[in-house]
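Here's the structure we're looking at; comments come further down.
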Amino acid sequence: MRVIFAGTPEFAAAALQAILAAGHAVPLVLTQPDRASGRGMQLQPSAVKRLAEARGLALYQPERLKDPATHEPIRAAAENADIMVVAAYGLILPQAVLDLPRHGCINIHASLLPRWRGAAPIQRAIEAGDATTGVTIMQMDAGLDTGAMLLGESLPIAADDTAATLHDKLAILGAWLIVDALGRFDALQPVAQPAEGVTYAAKIARSEAPLDWRRSCAELDRQVRAFNPFPAATSTLDDTPLKIWRATPVSGSGEPGTVLAVNADGIVVACGEGALCLYELQKPGGKRLAAGDFLHGFPVIAGMRFA
């Protein structure tokens, strides 16, 4: 097929790579404009842009698509394209754009719809304690991930999965599934999403990062894993803000936030129920460190309180 592709991060780049490897032609790639990032705040191209440039593909980076005049490059490409594939693009596609390809637009969504429609399905699935997630290939409409489903595949969430590790697993699954969908597109039967079981995965905000030690150790463990790598769970000890990168629930009891035990393997902190052993931490301006290395430069003793 001739596929217009729209996507931005690594999750989308994996799908684009698979589409190209399967022999489909890609007359146009849409991705978000370069964004400033890193300590130097230099403009950085998206993962999809890097791949498109490496493969010599036509590239389009609109700031937004509200103005009909911004649709012209897509309209021109759609004259000789069969379909548009969208994966974590990050811009809303107006109905006028959705209608341009002869077979419309299909989306690679990192959840089993209708659960976790929205911007952060991977993180919210971990945070909620879901046992499984997956990828859905769906037809796009004007709603927020409300279109009919074409294909779906589930994936278990491991007890130690972070948003980063689960992202990588789902990227591989999504790449495989979109190639499968394109290979037998005419035979696929759209199925409307059920009205029951709808949940929304709101975008992750930095304001959600602080750990509330009054919550259970299981809940805090999920928060730590869901917010790794962004924005990272945080807490304050001895007036110093710390990022908590890796932890696990353990037995223990005490006033929430109190350090119960300290050794080279970890820092055990009391929660509202049980305790959390912190294995990897980071202080401002420092590197992510295993607990033993962290303690060399930041002494912690039992009885101290995380806030």
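For the structure tokens, the naming scheme is as follows: chains receive sequential letters (A, B, ...) according to their order of presentation, residues are indexed from 1 within each chain, and ligands are indexed from 1 in presentation order.
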
**Study point:** Long-range neighbours of Ala159 of chain A as an NGL selection string, 12 Å cut-off, only C-alpha atoms, 3 positions minimum in chain
**Key:** :A and (126-127 or 129-132 or 156 or 162-163 or 165-166 or 218 or 221-222 or 225-226 or 247-249)

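Summary of the local environment: counting only C-alpha atoms, residues at most 10 Å from Ala192 of chain A, other than itself and those fewer than 5 positions away along its chain, are Pro114, Met138, Gln139, Thr146, Gly147, Ala148, Met149 and Leu150 of chain A.
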
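Comparing the minimum interatomic distances between Ala125 of chain A and each of A:Ala77, A:Pro33, A:Leu144, A:Gln223, counting only C-alpha atoms, we find that A:Gln223 sits nearest.
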
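Backbone DSSP over segment 89-134 of chain A yields helix (DSSP H, G or I) at Gln95, Ala96, Val97, Leu98, Pro121, Ile122, Gln123, Arg124, Ala125, Ile126, Glu127 and Ala128 of chain A.
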
Exercise for review: Write out as number ranges by chain which residues come within 7 Å of Trp116 of chain A when counting only C-alpha atoms, dropping same-chain ones fewer than 3 positions away.
Suggested key: A: 111, 113, 121, 199-201

**Study point:** Contact residues around segment 82-98 of chain A with only C-alpha atoms at 6 Å, ignoring same-chain residues under 6 positions, as an MDAnalysis selection string
**Key:** chainID A and resid 2:8 12 104:108

Check your understanding: Within 8 Å of Ala78 of chain A, counting only C-alpha atoms, which residues qualify if same-chain residues fewer than 2 places away don't, as number ranges by chain?
Key -> A: 4, 74-76, 80-83, 100-102

Identify, on the basis of only C-alpha atoms, every residue whose closest approach to Ser154 of chain A does not exceed 10 Å; exclude the query and any residue fewer than 2 positions from it along the same chain; express the result as a PDB file with N, CA and C atoms, in the first residue's frame.
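Once everything was written out, this is around37.pdb:
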```
ATOM      1  N   ALA A 110      -1.739   2.446  22.110  1.00  0.00           N
ATOM      2  CA  ALA A 110      -1.062   1.568  23.064  1.00  0.00           C
ATOM      3  C   ALA A 110      -1.933   1.199  24.257  1.00  0.00           C
ATOM      4  N   SER A 111      -3.113   0.678  23.994  1.00  0.00           N
ATOM      5  CA  SER A 111      -3.956   0.089  25.036  1.00  0.00           C
ATOM      6  C   SER A 111      -4.989  -0.794  24.360  1.00  0.00           C
ATOM      7  N   LEU A 112      -5.717  -1.545  25.172  1.00  0.00           N
ATOM      8  CA  LEU A 112      -6.822  -2.346  24.658  1.00  0.00           C
ATOM      9  C   LEU A 112      -8.096  -1.513  24.819  1.00  0.00           C
ATOM     10  N   THR A 132      -2.842  -6.574  32.413  1.00  0.00           N
ATOM     11  CA  THR A 132      -2.559  -6.669  30.982  1.00  0.00           C
ATOM     12  C   THR A 132      -2.830  -5.328  30.313  1.00  0.00           C
ATOM     13  N   THR A 133      -2.201  -5.150  29.172  1.00  0.00           N
ATOM     14  CA  THR A 133      -2.487  -4.031  28.289  1.00  0.00           C
ATOM     15  C   THR A 133      -2.369  -4.572  26.866  1.00  0.00           C
ATOM     16  N   GLY A 134      -2.032  -3.733  25.922  1.00  0.00           N
ATOM     17  CA  GLY A 134      -1.907  -4.223  24.553  1.00  0.00           C
ATOM     18  C   GLY A 134      -1.910  -3.083  23.561  1.00  0.00           C
ATOM     19  N   VAL A 135      -2.170  -3.439  22.306  1.00  0.00           N
ATOM     20  CA  VAL A 135      -2.229  -2.460  21.219  1.00  0.00           C
ATOM     21  C   VAL A 135      -3.507  -2.684  20.439  1.00  0.00           C
ATOM     22  N   THR A 136      -4.155  -1.585  20.078  1.00  0.00           N
ATOM     23  CA  THR A 136      -5.347  -1.633  19.233  1.00  0.00           C
ATOM     24  C   THR A 136      -5.083  -0.856  17.953  1.00  0.00           C
ATOM     25  N   GLY A 152      -6.491  -6.119  17.514  1.00  0.00           N
ATOM     26  CA  GLY A 152      -5.994  -5.892  18.859  1.00  0.00           C
ATOM     27  C   GLY A 152      -5.186  -7.072  19.341  1.00  0.00           C
ATOM     28  N   PRO A 156       0.921  -8.968  28.708  1.00  0.00           N
ATOM     29  CA  PRO A 156       0.933  -8.871  30.169  1.00  0.00           C
ATOM     30  C   PRO A 156       1.860  -7.757  30.643  1.00  0.00           C
ATOM     31  N   ILE A 157       1.496  -7.123  31.754  1.00  0.00           N
ATOM     32  CA  ILE A 157       2.355  -6.124  32.381  1.00  0.00           C
ATOM     33  C   ILE A 157       3.126  -6.825  33.489  1.00  0.00           C
ATOM     34  N   LEU A 170       5.494  -2.551  23.803  1.00  0.00           N
ATOM     35  CA  LEU A 170       4.312  -2.188  23.024  1.00  0.00           C
ATOM     36  C   LEU A 170       4.696  -1.612  21.669  1.00  0.00           C
ATOM     37  N   LEU A 173       5.170  -4.601  19.527  1.00  0.00           N
ATOM     38  CA  LEU A 173       3.866  -5.186  19.233  1.00  0.00           C
ATOM     39  C   LEU A 173       3.097  -4.320  18.237  1.00  0.00           C
TER      40      LEU A 173
END
```

Review point. Which residue, A:Ala119, A:Leu20, A:Leu30, A:Ala261, has the smallest gap to Leu65 of chain A when you use only C-alpha atoms?
Key: A:Leu30

**Study point:** Which of segment 29-199 of chain A DSSP labels strand (DSSP E or B), written as a ChimeraX atom specification
**Key:** /A:29-30,35-37,42-44,59-60,83-87,105-109,117-118,132-139,149-156,191

Review point. Hey, which of A:Pro231, A:Pro194, A:Gly38, A:Gly292 ends up closest to Gly266 of chain A? Count only C-alpha atoms.
Key: A:Gly292

Check your understanding: Skipping near chain neighbours, those fewer than 4 positions away, what residues fall within 8 Å of Val250 of chain A using only C-alpha atoms, listed as a PyMOL selection string?
Key -> chain A and resi 217+268+274-277
